[in-house]
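Containing CSV, C-alpha atoms: coords25.csv.
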chain,number,residue,atom,x,y,z
A,2,MET,CA,212.3,-1.4,-0.6
A,3,GLY,CA,209.4,-2.9,1.3
A,4,THR,CA,205.8,-2.1,0.4
A,5,ARG,CA,203.5,-0.5,2.9
A,6,GLY,CA,200.0,-1.7,3.6
A,7,ALA,CA,197.0,0.5,2.5
A,8,TYR,CA,195.8,2.9,5.2
A,9,ALA,CA,192.1,2.5,6.3
A,10,LEU,CA,190.8,6.0,5.5
A,11,VAL,CA,187.2,5.0,6.3
A,12,ASP,CA,186.1,3.1,9.4
A,13,THR,CA,184.5,0.0,8.1
A,14,THR,CA,183.3,-1.3,11.5
A,15,PRO,CA,179.5,-1.7,11.4
A,16,ALA,CA,177.1,0.1,13.7
A,17,LYS,CA,175.9,-1.8,16.8
A,18,THR,CA,172.3,-1.9,17.9
A,19,ILE,CA,171.5,-2.7,21.6
A,20,LEU,CA,168.3,-2.8,23.7
A,21,VAL,CA,168.6,-1.0,27.0
A,22,TYR,CA,166.3,-1.6,30.0
A,23,ARG,CA,166.1,0.4,33.2
A,24,ASN,CA,167.3,-1.1,36.5
A,25,GLY,CA,164.5,-2.3,38.8
A,26,ASP,CA,161.6,-1.3,36.5
A,27,GLN,CA,159.5,-4.3,35.5
A,28,PHE,CA,157.2,-2.1,33.3
A,29,TYR,CA,159.9,-0.4,31.2
A,30,VAL,CA,159.8,-2.1,27.8
A,31,GLY,CA,163.3,-1.1,26.7
A,32,LYS,CA,164.7,1.3,24.2
A,33,LYS,CA,166.8,0.6,21.2
A,34,PHE,CA,170.1,2.4,20.9
A,35,VAL,CA,172.3,2.6,17.7
A,36,PHE,CA,175.9,3.8,17.9
A,37,THR,CA,179.0,3.9,15.7
A,38,ARG,CA,182.7,4.4,16.3
A,39,ARG,CA,182.6,7.9,14.8
A,40,ARG,CA,179.9,9.1,17.2
A,41,VAL,CA,180.9,7.1,20.3
A,42,ALA,CA,184.6,7.2,20.8
A,43,ASN,CA,184.8,5.5,24.2
A,44,PHE,CA,182.6,4.0,26.9
A,45,GLU,CA,182.1,7.3,28.8
A,46,VAL,CA,180.6,8.9,25.8
A,47,LEU,CA,178.2,6.0,25.5
A,48,LEU,CA,177.0,6.4,29.1
A,49,GLU,CA,176.4,10.1,28.4
A,50,GLN,CA,174.3,9.4,25.3
A,51,LEU,CA,172.3,6.7,27.2
A,52,THR,CA,171.6,9.3,30.0
A,53,GLU,CA,169.8,11.4,27.4
A,54,GLN,CA,167.7,8.5,26.1
A,55,VAL,CA,167.0,6.5,29.3
A,56,GLU,CA,165.7,8.5,32.3
A,57,VAL,CA,167.6,7.2,35.3
A,58,PRO,CA,168.1,9.0,38.7
A,59,PHE,CA,171.5,10.8,38.7
A,60,GLY,CA,172.2,9.6,35.1
A,61,VAL,CA,173.5,6.3,33.7
A,62,ARG,CA,176.7,5.2,35.4
A,63,ARG,CA,176.8,1.5,34.9
A,64,LEU,CA,175.7,-1.2,32.3
A,65,TYR,CA,174.8,-4.8,33.4
A,66,THR,CA,173.9,-8.0,31.6
A,67,PRO,CA,170.1,-8.7,32.2
A,68,THR,CA,170.4,-12.3,33.3
A,69,ARG,CA,173.4,-12.5,35.7
A,70,GLY,CA,174.1,-8.9,36.4
A,71,HIS,CA,177.7,-8.8,35.2
A,72,GLN,CA,179.0,-5.2,34.7
A,73,VAL,CA,180.2,-4.1,31.3
A,74,HIS,CA,183.4,-1.9,31.2
A,75,GLN,CA,184.3,-1.6,27.5
A,76,LEU,CA,182.7,-0.9,24.1
A,77,GLU,CA,184.2,-4.1,22.7
A,78,ALA,CA,182.3,-6.2,25.2
A,79,LEU,CA,178.9,-5.0,23.8
A,80,GLN,CA,177.4,-7.5,21.3
A,81,MET,CA,175.3,-6.7,18.3
A,82,GLY,CA,171.6,-7.0,19.2
A,83,GLY,CA,172.5,-7.6,22.9
A,84,LYS,CA,170.3,-6.6,25.8
A,85,TYR,CA,171.6,-4.6,28.7
A,86,VAL,CA,170.4,-2.9,31.9
A,87,ALA,CA,171.2,0.8,32.5
A,88,ALA,CA,171.6,1.8,36.2
A,89,GLY,CA,172.9,4.7,38.2
A,90,ARG,CA,175.0,4.2,41.3
A,91,GLU,CA,172.7,1.7,42.9
A,92,PRO,CA,173.4,-2.1,42.6
A,93,PHE,CA,171.9,-4.4,40.1
A,94,LYS,CA,168.3,-5.5,40.8
A,95,LYS,CA,167.3,-9.0,39.6
A,96,LEU,CA,164.2,-9.0,37.3
A,97,ASP,CA,163.0,-10.9,34.2
A,98,TYR,CA,164.0,-8.1,31.9
A,99,ILE,CA,164.0,-10.2,28.7
A,100,HIS,CA,160.3,-11.2,29.0
A,101,ILE,CA,159.0,-7.7,29.7
A,102,VAL,CA,156.1,-7.1,27.2
A,103,PRO,CA,154.5,-3.8,26.5
A,104,ARG,CA,151.0,-3.4,27.9
A,105,LYS,CA,148.6,-2.8,25.1
A,106,PRO,CA,145.2,-1.2,25.7
A,107,MET,CA,142.3,-3.5,25.4
A,108,LYS,CA,140.1,-3.4,22.3
A,109,MET,CA,137.1,-1.2,22.8
A,110,LYS,CA,133.7,-2.4,21.8
A,111,LYS,CA,131.8,0.0,19.6
A,112,PHE,CA,128.9,1.5,21.5
A,113,LYS,CA,126.1,3.2,19.8
A,114,GLU,CA,125.5,6.8,20.6
A,115,ILE,CA,122.3,7.4,22.5
A,116,LYS,CA,120.3,9.9,20.6
A,117,PRO,CA,117.7,12.2,22.2
A,118,VAL,CA,114.0,11.6,22.1
A,119,VAL,CA,112.3,12.3,18.7
A,120,HIS,CA,109.7,14.7,20.0
A,121,CYS,CA,112.4,16.8,21.7
A,122,ASP,CA,113.8,19.6,19.6
A,123,ILE,CA,116.8,20.3,21.9
A,124,ASN,CA,120.0,18.6,20.6
A,125,VAL,CA,121.7,17.6,23.9
A,126,PRO,CA,124.5,15.0,23.9
A,127,SER,CA,124.0,12.0,26.2
A,128,LYS,CA,125.9,11.3,29.4
A,129,TRP,CA,127.9,8.6,27.8
A,130,HIS,CA,128.9,10.8,24.9
A,131,THR,CA,130.0,13.7,27.2
A,132,PHE,CA,132.2,11.5,29.4
A,133,HIS,CA,133.7,8.9,27.0
A,134,GLY,CA,133.8,11.1,23.9
A,135,LEU,CA,136.5,13.5,25.2
A,136,SER,CA,140.1,12.9,26.2
A,137,ARG,CA,141.7,14.1,29.5
A,138,HIS,CA,144.6,16.5,29.9
A,139,ILE,CA,146.2,16.0,33.3
A,140,ASN,CA,149.5,16.9,35.0
A,141,VAL,CA,151.3,14.3,37.1
A,142,PHE,CA,154.0,14.6,39.7
A,143,THR,CA,156.4,11.9,40.7
A,144,ASN,CA,155.9,10.7,44.3
A,145,GLY,CA,158.4,12.3,46.7
A,146,ARG,CA,160.3,14.3,44.1
A,147,LEU,CA,159.6,18.0,44.3
A,148,LEU,CA,162.5,19.0,42.0
A,149,ILE,CA,161.0,17.1,39.1
A,150,PRO,CA,158.3,19.3,37.4
A,151,PRO,CA,154.9,17.8,36.6
A,152,VAL,CA,154.5,16.0,33.3
A,153,LYS,CA,151.5,16.9,31.1
A,154,ILE,CA,149.8,13.7,29.8
A,155,ILE,CA,146.9,13.4,27.4
A,156,ILE,CA,144.8,10.3,28.0
A,157,PRO,CA,142.8,9.2,24.9
A,158,LYS,CA,139.1,8.6,25.2
A,159,PHE,CA,139.4,4.9,24.4
A,160,THR,CA,141.7,4.3,27.4
A,161,LEU,CA,139.3,5.9,30.0
A,162,MET,CA,137.1,2.8,30.0
A,163,ASP,CA,139.8,0.7,31.9
A,164,TRP,CA,141.7,2.1,34.9
A,165,GLU,CA,144.7,-0.2,34.3
A,166,ASN,CA,145.1,1.3,30.8
A,167,VAL,CA,145.1,4.8,32.3
A,168,LEU,CA,147.9,3.8,34.7
A,169,ALA,CA,149.8,2.2,31.8
A,170,VAL,CA,149.6,5.5,29.8
A,171,VAL,CA,150.8,7.5,32.9
A,172,GLY,CA,153.6,5.0,33.4
A,173,GLU,CA,155.1,5.8,29.9
A,174,LYS,CA,155.8,9.4,31.0
A,175,VAL,CA,156.3,9.2,34.8
A,176,PHE,CA,158.8,6.7,36.4
A,177,PRO,CA,158.3,6.1,40.1
A,178,LEU,CA,159.9,3.0,41.8
A,179,GLY,CA,158.2,-0.1,40.5
A,180,GLY,CA,156.1,1.6,37.9
A,181,VAL,CA,152.9,3.5,38.3
A,182,ARG,CA,150.5,1.6,40.6
A,183,LYS,CA,148.3,4.3,42.1
A,184,LEU,CA,147.2,7.9,41.4
A,185,PHE,CA,146.6,10.4,44.2
A,186,THR,CA,145.5,14.0,44.4
A,187,MET,CA,148.0,16.5,45.8
A,188,ASN,CA,146.1,16.3,49.2
A,189,GLY,CA,146.6,12.5,49.3
A,190,HIS,CA,143.2,11.3,48.1
A,191,LEU,CA,143.4,7.9,46.3
A,192,LEU,CA,141.8,7.7,42.9
A,193,ASP,CA,140.3,4.3,41.8
A,194,ASN,CA,138.3,5.3,38.7
A,195,SER,CA,138.8,7.3,35.6
A,196,LYS,CA,135.5,9.3,36.4
A,197,ASP,CA,137.4,11.1,39.1
A,198,LEU,CA,140.0,12.6,36.6
A,199,GLN,CA,139.4,16.2,35.7
A,200,ASP,CA,141.0,18.3,32.9
A,201,ASN,CA,144.0,20.4,33.8
A,202,HIS,CA,144.2,19.1,37.3
A,203,PHE,CA,147.4,17.9,39.1
A,204,TYR,CA,147.9,14.4,40.5
A,205,VAL,CA,150.7,12.3,42.1
A,206,ALA,CA,151.8,9.0,40.7
A,207,THR,CA,153.2,6.4,43.2
A,208,GLY,CA,154.7,2.9,42.8
A,209,LEU,CA,155.3,0.3,45.5
A,210,GLU,CA,156.0,3.0,48.1
A,211,ALA,CA,153.4,4.8,50.1
A,212,PHE,CA,152.2,8.3,49.3
A,213,LYS,CA,154.5,11.1,50.6
A,214,TYR,CA,152.8,14.2,51.9
A,215,PHE,CA,154.9,17.0,50.3
A,216,PRO,CA,153.8,20.5,49.2
A,217,TYR,CA,153.5,19.7,45.5
A,218,TRP,CA,151.3,22.7,45.0
A,219,LYS,CA,154.3,25.0,45.6
A,220,SER,CA,155.8,24.1,42.2
A,221,PRO,CA,156.2,27.0,39.8
A,222,LYS,CA,154.3,25.0,37.2
A,223,VAL,CA,151.1,25.0,39.3
A,224,PRO,CA,148.8,28.1,38.6
A,225,SER,CA,148.4,30.7,41.4
A,226,GLU,CA,144.7,30.0,41.8
A,227,VAL,CA,145.4,26.3,42.6
A,228,GLN,CA,148.2,27.3,45.0
A,229,GLN,CA,145.8,29.6,46.9
A,230,LYS,CA,143.2,26.9,47.2
A,231,CYS,CA,145.7,24.3,48.4
A,232,ALA,CA,147.1,26.8,51.0
A,233,GLU,CA,143.6,27.5,52.4
A,234,ILE,CA,142.9,23.7,52.6
A,235,GLU,CA,146.2,23.2,54.5
A,236,LYS,CA,145.5,26.0,57.0
A,237,HIS,CA,142.0,24.5,57.6
A,238,SER,CA,143.4,21.1,58.2
A,239,ARG,CA,146.0,22.5,60.7
A,240,ARG,CA,143.3,24.3,62.6
A,241,LYS,CA,141.3,21.1,62.9
A,242,LYS,CA,144.3,19.2,64.2
A,243,LYS,CA,144.9,21.8,66.9
A,244,GLU,CA,141.3,21.7,68.0
A,245,ASN,CA,141.4,17.9,68.1
A,246,LEU,CA,144.6,18.0,70.2
A,247,LYS,CA,143.0,20.5,72.7
A,248,GLY,CA,139.9,18.4,73.0
A,249,LYS,CA,142.0,15.3,73.7
A,250,GLU,CA,143.9,17.1,76.4
A,251,LEU,CA,140.7,18.4,78.1
A,252,HIS,CA,139.3,14.8,78.0
A,253,LYS,CA,142.4,13.4,79.5
A,254,HIS,CA,142.4,16.1,82.3
A,255,ASP,CA,138.7,15.3,83.1
A,256,SER,CA,139.4,11.6,83.2
A,257,ASP,CA,142.4,12.1,85.5
A,258,SER,CA,140.4,14.3,87.9
A,259,SER,CA,137.5,11.8,88.0
A,260,LYS,CA,140.0,9.0,88.8
A,261,LEU,CA,141.5,11.0,91.6
A,262,GLN,CA,138.1,11.8,93.1
A,263,ASP,CA,137.1,8.1,93.0
A,264,SER,CA,140.4,7.0,94.7
A,265,VAL,CA,140.6,6.3,98.4
A,266,TYR,CA,143.3,8.8,99.1
A,267,TYR,CA,141.5,11.8,97.6
A,268,ALA,CA,140.3,14.2,100.3
A,269,LYS,CA,136.6,15.1,99.6
A,270,GLU,CA,135.2,18.4,100.7
A,271,GLU,CA,132.2,18.2,103.0
A,272,LYS,CA,129.0,19.7,101.6
A,273,LYS,CA,127.8,22.7,103.6
A,274,GLN,CA,124.1,23.4,103.5
A,275,VAL,CA,123.5,27.1,104.0
A,276,VAL,CA,120.0,28.2,104.7
A,277,GLU,CA,119.5,31.8,103.6
A,278,ARG,CA,116.8,34.1,104.8
A,279,LEU,CA,114.1,34.8,102.4
A,280,ILE,CA,113.1,38.5,102.5
A,281,GLN,CA,110.0,39.6,100.9
A,282,SER,CA,110.9,43.0,99.7
A,283,GLY,CA,108.9,45.4,97.6
A,284,ALA,CA,105.4,46.7,98.2
A,285,GLU,CA,102.4,46.0,96.1
A,286,GLY,CA,102.6,47.6,92.6
A,287,ASP,CA,106.4,47.8,92.8
A,288,VAL,CA,108.1,47.5,89.5
A,289,TYR,CA,111.0,45.4,91.0
A,290,LYS,CA,108.7,43.0,92.8
A,291,ALA,CA,108.3,39.6,91.2
A,292,GLN,CA,104.8,39.2,89.7
A,293,THR,CA,104.8,35.4,89.9
A,294,PRO,CA,106.1,33.4,92.9
A,295,ASN,CA,109.4,31.5,92.5
A,296,ILE,CA,108.7,27.7,92.3
A,297,GLU,CA,112.1,26.8,93.8
A,298,THR,CA,111.5,28.9,97.0
A,299,GLN,CA,108.0,27.6,97.7
A,300,GLY,CA,107.8,25.6,101.0
A,301,ALA,CA,111.3,26.6,102.1
A,302,PRO,CA,111.6,27.3,105.9
A,303,VAL,CA,112.2,30.8,107.1
A,304,VAL,CA,115.1,31.2,109.5
A,305,ILE,CA,114.9,34.2,111.8
A,306,GLU,CA,118.2,35.9,112.7
A,307,ASP,CA,119.2,36.0,116.3
A,308,GLN,CA,119.8,39.6,117.6
A,309,GLU,CA,122.6,38.5,119.9
A,310,VAL,CA,124.6,37.1,117.1
A,311,LYS,CA,127.9,39.0,116.9
A,312,VAL,CA,129.1,39.9,113.4
A,313,GLU,CA,132.9,40.4,112.9
A,314,VAL,CA,133.5,43.6,111.0
A,315,PRO,CA,136.9,44.3,109.4
A,316,VAL,CA,139.2,46.7,111.2
A,317,ASP,CA,139.0,49.2,108.4
A,318,GLU,CA,135.2,49.4,108.7
A,319,THR,CA,135.0,49.6,112.6
A,320,PRO,CA,134.2,53.2,113.8
A,321,ALA,CA,136.8,54.9,115.9
A,322,GLU,CA,136.3,55.1,119.7
A,323,ILE,CA,137.2,58.1,121.9
A,324,VAL,CA,139.2,57.1,125.0
A,325,LYS,CA,139.0,59.5,127.9
A,326,GLU,CA,142.1,60.0,130.1
A,327,ASP,CA,141.8,59.4,133.9
A,328,LYS,CA,143.0,62.5,135.7
A,329,GLY,CA,143.3,60.7,139.1
A,330,ILE,CA,146.0,58.3,137.8
A,331,ASP,CA,149.3,60.2,137.4
A,332,ASP,CA,152.5,59.1,138.9
A,333,ASN,CA,154.2,62.5,138.6
A,334,THR,CA,151.5,64.3,140.9
A,335,PRO,CA,152.3,65.0,144.7
A,336,ASP,CA,149.0,63.1,145.8
A,337,SER,CA,150.4,59.8,144.6
A,338,GLY,CA,151.8,58.9,148.1
A,339,SER,CA,148.5,59.6,149.9
A,340,ASN,CA,146.5,57.4,147.4
A,341,LYS,CA,148.8,54.5,148.1
A,342,GLU,CA,148.3,54.8,151.8
A,343,LYS,CA,144.5,54.8,151.4
A,344,GLU,CA,144.7,51.6,149.3
A,345,GLU,CA,146.7,49.8,151.9
A,346,GLU,CA,144.3,50.8,154.7
A,347,ASP,CA,141.3,49.5,152.6
A,348,LEU,CA,143.1,46.2,152.1
A,349,HIS,CA,143.8,45.8,155.9
A,350,GLU,CA,140.1,46.5,156.7
A,351,ASP,CA,139.0,43.9,154.2
A,352,ASN,CA,141.3,41.3,155.7
A,353,GLU,CA,139.9,41.9,159.2
A,354,ARG,CA,136.3,41.6,158.0
A,355,GLN,CA,137.1,38.3,156.4
A,356,GLN,CA,138.7,37.0,159.6
A,357,LEU,CA,135.7,38.1,161.7
A,358,SER,CA,133.3,36.3,159.3
A,359,ARG,CA,135.3,33.1,159.6
A,360,THR,CA,135.3,33.1,163.4
A,361,SER,CA,131.6,33.8,163.6
A,362,VAL,CA,131.0,30.8,161.3
A,363,ARG,CA,133.1,28.5,163.6
A,364,ILE,CA,131.3,29.7,166.7
A,365,LYS,CA,127.9,28.9,165.2
A,366,ARG,CA,129.0,25.4,164.3
A,367,TRP,CA,130.1,24.7,167.9
A,368,LEU,CA,126.9,25.9,169.4
A,369,ARG,CA,124.9,23.6,167.1
A,370,PHE,CA,127.0,20.7,168.1
A,371,LEU,CA,126.5,21.4,171.9
A,372,MET,CA,122.8,21.7,171.5
A,373,VAL,CA,122.5,18.4,169.8
A,374,TRP,CA,124.7,16.7,172.4
A,375,GLU,CA,122.6,18.1,175.3
A,376,TRP,CA,119.3,16.7,174.0
A,377,LYS,CA,120.7,13.3,173.2
A,378,PRO,CA,118.7,10.7,175.2
A,379,VAL,CA,120.4,8.4,177.8
A,380,ASP,CA,120.3,4.6,177.2

Please rewrite the model in this file as structure tokens.
Amino acid sequence: MGTRGAYALVDTTPAKTILVYRNGDQFYVGKKFVFTRRRVANFEVLLEQLTEQVEVPFGVRRLYTPTRGHQVHQLEALQMGGKYVAAGREPFKKLDYIHIVPRKPMKMKKFKEIKPVVHCDINVPSKWHTFHGLSRHINVFTNGRLLIPPVKIIIPKFTLMDWENVLAVVGEKVFPLGGVRKLFTMNGHLLDNSKDLQDNHFYVATGLEAFKYFPYWKSPKVPSEVQQKCAEIEKHSRRKKKENLKGKELHKHDSDSSKLQDSVYYAKEEKKQVVERLIQSGAEGDVYKAQTPNIETQGAPVVIEDQEVKVEVPVDETPAEIVKEDKGIDDNTPDSGSNKEKEEEDLHEDNERQQLSRTSVRIKRWLRFLMVWEWKPVD
């Protein structure tokens, strides 16, 4: 009978240690990860455990080599002490991952505490002591990501002297694209000095991208008092924008009207000078009479109204006139025939008189002609 080989009851494969970087982040130092065959059965389990250790958007889905960006598909391809880049669904981004060095804060010089004056009995700390002797507790949002809650960060007192060290401390907890480069308030005000930081306030960390104006103050982690203040500020800014838009529209309208008036094709109205009559009303001692003469009306000519000027009155205001009926004019009466005969006789008499006057004028003319001809001297 053949002999069987001894079964391996215990897995003797040693544990592997790898260093994992984050894709596209030149400030991420890298995190060591140790795994064995018993805890990590396949490559998918490894990706799930890396998702818990390395914060990557949408989780770790791929592993790349840091120099050439070759994708790793199996556990056997991972080398002991190797360096790899964890990424999500995005492609590999070329960076010098191997030479990323952690940013250490600069050594602080020891400053002597300024003590109060000897003759003063009040023990008041100096301005340097109140500012640099205390740490800052701030809450930081990630730029453009409303679903990620703010991260509470404690900035030690020795890092407040250098603004770059403050950004480095914030970059260890908040991970925007390209690392933390700038700090803004929730309203979009840029901070450039650690003196502007205040305890228990909320800020927004940005990387290479620009600040995104999102309602960060609506997060449930923000206190109600801060939410009310931010809401009032936003309403005030909206009112200002509306007022500015209205002013611009009025300015445009005025400029357009002035251009039209200056143009050749604009019909200008003629100025009509109307001289009104100045009536001095009120007797001496009257309450309604002006005590002092008006300067504007001094020296103005008095125009007397013409009595023959006719004034047109509306039809509604004209008084009604009574029209009397003529009793002599009636076509249905029996005396209408006799009236017509009288009118015809009158017309005939008038015609005869006109003919007589014409004949008399002609006769007079002939007589004058004859008289002139008779007295004419003979040559």

Between CA of Gly83 (chain A) and CA of Thr66 (chain A) - distance in Å to one decimal: 8.8 Å

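Coordinates place CA of Arg104 (chain A) at a distance of 27.8 Å from CA of Phe36 (chain A).
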
Shell around Phe142 (chain A) at 9 Å using all atoms listed in the file, local window under 5 positions removed, as a ChimeraX atom specification: /A:147,149-152,175,187,203-207,217

Two-atom distance - CA of Lys213 (chain A), CA of Asn144 (chain A) (Å): 6.5 Å

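Candidate residues A:Leu168, A:Leu348, A:Ile101, A:Leu135 were compared for distance to Gln27 (chain A), and the nearest is A:Ile101, using only C-alpha atoms.
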
Leaving out Trp218 (chain A) and any residue of its chain fewer than 2 positions from it, which residues lie within 9 Å of it when counting only C-alpha atoms, given as a PDB file with C-alpha atoms, in the coordinates of the input?
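Contents of result-v3.pdb, as written:
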ATOM      1  CA  MET A 187     148.000  16.500  45.800  1.00  0.00           C
ATOM      2  CA  PHE A 203     147.400  17.900  39.100  1.00  0.00           C
ATOM      3  CA  PHE A 215     154.900  17.000  50.300  1.00  0.00           C
ATOM      4  CA  PRO A 216     153.800  20.500  49.200  1.00  0.00           C
ATOM      5  CA  SER A 220     155.800  24.100  42.200  1.00  0.00           C
ATOM      6  CA  PRO A 221     156.200  27.000  39.800  1.00  0.00           C
ATOM      7  CA  LYS A 222     154.300  25.000  37.200  1.00  0.00           C
ATOM      8  CA  VAL A 223     151.100  25.000  39.300  1.00  0.00           C
ATOM      9  CA  PRO A 224     148.800  28.100  38.600  1.00  0.00           C
ATOM     10  CA  VAL A 227     145.400  26.300  42.600  1.00  0.00           C
ATOM     11  CA  GLN A 228     148.200  27.300  45.000  1.00  0.00           C
ATOM     12  CA  CYS A 231     145.700  24.300  48.400  1.00  0.00           C
ATOM     13  CA  ALA A 232     147.100  26.800  51.000  1.00  0.00           C
TER      14      ALA A 232
END

Which of A:Tyr65, A:Ala169, A:Arg239, A:Glu346 sits closest to Gly25 (chain A) [using all atoms listed in the file]: A:Tyr65

Shell around Gly60 (chain A) at 12 Å using only C-alpha atoms, local window under 3 positions removed, as a ChimeraX atom specification: /A:23-24,45,47-57,63-64,87-91

Write the residues of the preceding selection, restricted to C-alpha atoms, as a compact mmCIF listing (two decimals), in the frame of the given file.
# COMPACT_ATOMS: atom_id res chain seq x y z
CA ARG A 23 166.10 0.40 33.20
CA ASN A 24 167.30 -1.10 36.50
CA GLU A 45 182.10 7.30 28.80
CA LEU A 47 178.20 6.00 25.50
CA LEU A 48 177.00 6.40 29.10
CA GLU A 49 176.40 10.10 28.40
CA GLN A 50 174.30 9.40 25.30
CA LEU A 51 172.30 6.70 27.20
CA THR A 52 171.60 9.30 30.00
CA GLU A 53 169.80 11.40 27.40
CA GLN A 54 167.70 8.50 26.10
CA VAL A 55 167.00 6.50 29.30
CA GLU A 56 165.70 8.50 32.30
CA VAL A 57 167.60 7.20 35.30
CA ARG A 63 176.80 1.50 34.90
CA LEU A 64 175.70 -1.20 32.30
CA ALA A 87 171.20 0.80 32.50
CA ALA A 88 171.60 1.80 36.20
CA GLY A 89 172.90 4.70 38.20
CA ARG A 90 175.00 4.20 41.30
CA GLU A 91 172.70 1.70 42.90

Given only C-alpha atoms, how would the per-residue table for region 23-54 of chain A near region 69-76 of chain A read, listing every residue at most 10 Å away with its closest atom pair and distance in Å to one decimal, sorted by chain and number, as a tab-separated table?
residue	atom	partner	partner_atom	distance
A:Arg38	CA	A:Leu76	CA	9.4
A:Val41	CA	A:Leu76	CA	9.0
A:Ala42	CA	A:Leu76	CA	9.0
A:Asn43	CA	A:Leu76	CA	6.7
A:Phe44	CA	A:Leu76	CA	5.6
A:Glu45	CA	A:Gln75	CA	9.3
A:Leu47	CA	A:Leu76	CA	8.4

What's around Leu184 (chain A) at 12 Å? Count all atoms listed in the file, leave out sequence neighbours fewer than 2 positions away in its own chain, and write the answer as a PDB file with C-alpha atoms, in the frame of the given file.
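Produced file out.pdb, reproduced below:
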ATOM      1  CA  ILE A 139     146.200  16.000  33.300  1.00  0.00           C
ATOM      2  CA  ASN A 140     149.500  16.900  35.000  1.00  0.00           C
ATOM      3  CA  VAL A 141     151.300  14.300  37.100  1.00  0.00           C
ATOM      4  CA  PHE A 142     154.000  14.600  39.700  1.00  0.00           C
ATOM      5  CA  THR A 143     156.400  11.900  40.700  1.00  0.00           C
ATOM      6  CA  ASN A 144     155.900  10.700  44.300  1.00  0.00           C
ATOM      7  CA  TRP A 164     141.700   2.100  34.900  1.00  0.00           C
ATOM      8  CA  GLU A 165     144.700  -0.200  34.300  1.00  0.00           C
ATOM      9  CA  VAL A 167     145.100   4.800  32.300  1.00  0.00           C
ATOM     10  CA  LEU A 168     147.900   3.800  34.700  1.00  0.00           C
ATOM     11  CA  ALA A 169     149.800   2.200  31.800  1.00  0.00           C
ATOM     12  CA  VAL A 171     150.800   7.500  32.900  1.00  0.00           C
ATOM     13  CA  GLY A 172     153.600   5.000  33.400  1.00  0.00           C
ATOM     14  CA  VAL A 175     156.300   9.200  34.800  1.00  0.00           C
ATOM     15  CA  PRO A 177     158.300   6.100  40.100  1.00  0.00           C
ATOM     16  CA  GLY A 180     156.100   1.600  37.900  1.00  0.00           C
ATOM     17  CA  VAL A 181     152.900   3.500  38.300  1.00  0.00           C
ATOM     18  CA  ARG A 182     150.500   1.600  40.600  1.00  0.00           C
ATOM     19  CA  THR A 186     145.500  14.000  44.400  1.00  0.00           C
ATOM     20  CA  MET A 187     148.000  16.500  45.800  1.00  0.00           C
ATOM     21  CA  ASN A 188     146.100  16.300  49.200  1.00  0.00           C
ATOM     22  CA  GLY A 189     146.600  12.500  49.300  1.00  0.00           C
ATOM     23  CA  HIS A 190     143.200  11.300  48.100  1.00  0.00           C
ATOM     24  CA  LEU A 191     143.400   7.900  46.300  1.00  0.00           C
ATOM     25  CA  LEU A 192     141.800   7.700  42.900  1.00  0.00           C
ATOM     26  CA  ASP A 193     140.300   4.300  41.800  1.00  0.00           C
ATOM     27  CA  ASN A 194     138.300   5.300  38.700  1.00  0.00           C
ATOM     28  CA  SER A 195     138.800   7.300  35.600  1.00  0.00           C
ATOM     29  CA  ASP A 197     137.400  11.100  39.100  1.00  0.00           C
ATOM     30  CA  LEU A 198     140.000  12.600  36.600  1.00  0.00           C
ATOM     31  CA  PHE A 203     147.400  17.900  39.100  1.00  0.00           C
ATOM     32  CA  TYR A 204     147.900  14.400  40.500  1.00  0.00           C
ATOM     33  CA  VAL A 205     150.700  12.300  42.100  1.00  0.00           C
ATOM     34  CA  ALA A 206     151.800   9.000  40.700  1.00  0.00           C
ATOM     35  CA  THR A 207     153.200   6.400  43.200  1.00  0.00           C
ATOM     36  CA  GLY A 208     154.700   2.900  42.800  1.00  0.00           C
ATOM     37  CA  LEU A 209     155.300   0.300  45.500  1.00  0.00           C
ATOM     38  CA  ALA A 211     153.400   4.800  50.100  1.00  0.00           C
ATOM     39  CA  PHE A 212     152.200   8.300  49.300  1.00  0.00           C
TER      40      PHE A 212
END

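Each of A:Glu173, A:Glu250, A:Asp351, A:Glu322 was compared to Asp26 (chain A) using only C-alpha atoms, and A:Glu173 turns out to be the nearest.
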
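If only C-alpha atoms are the atoms counted, then among A:Tyr214, A:Met162, A:Ile156, A:Val312 the closest residue to Phe185 (chain A) is A:Tyr214.
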
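Between Val46 (chain A) and the residues A:Leu96, A:Leu20, A:Val86, A:Val61, the shortest atom-to-atom distance, using all atoms listed in the file, involves A:Val61.
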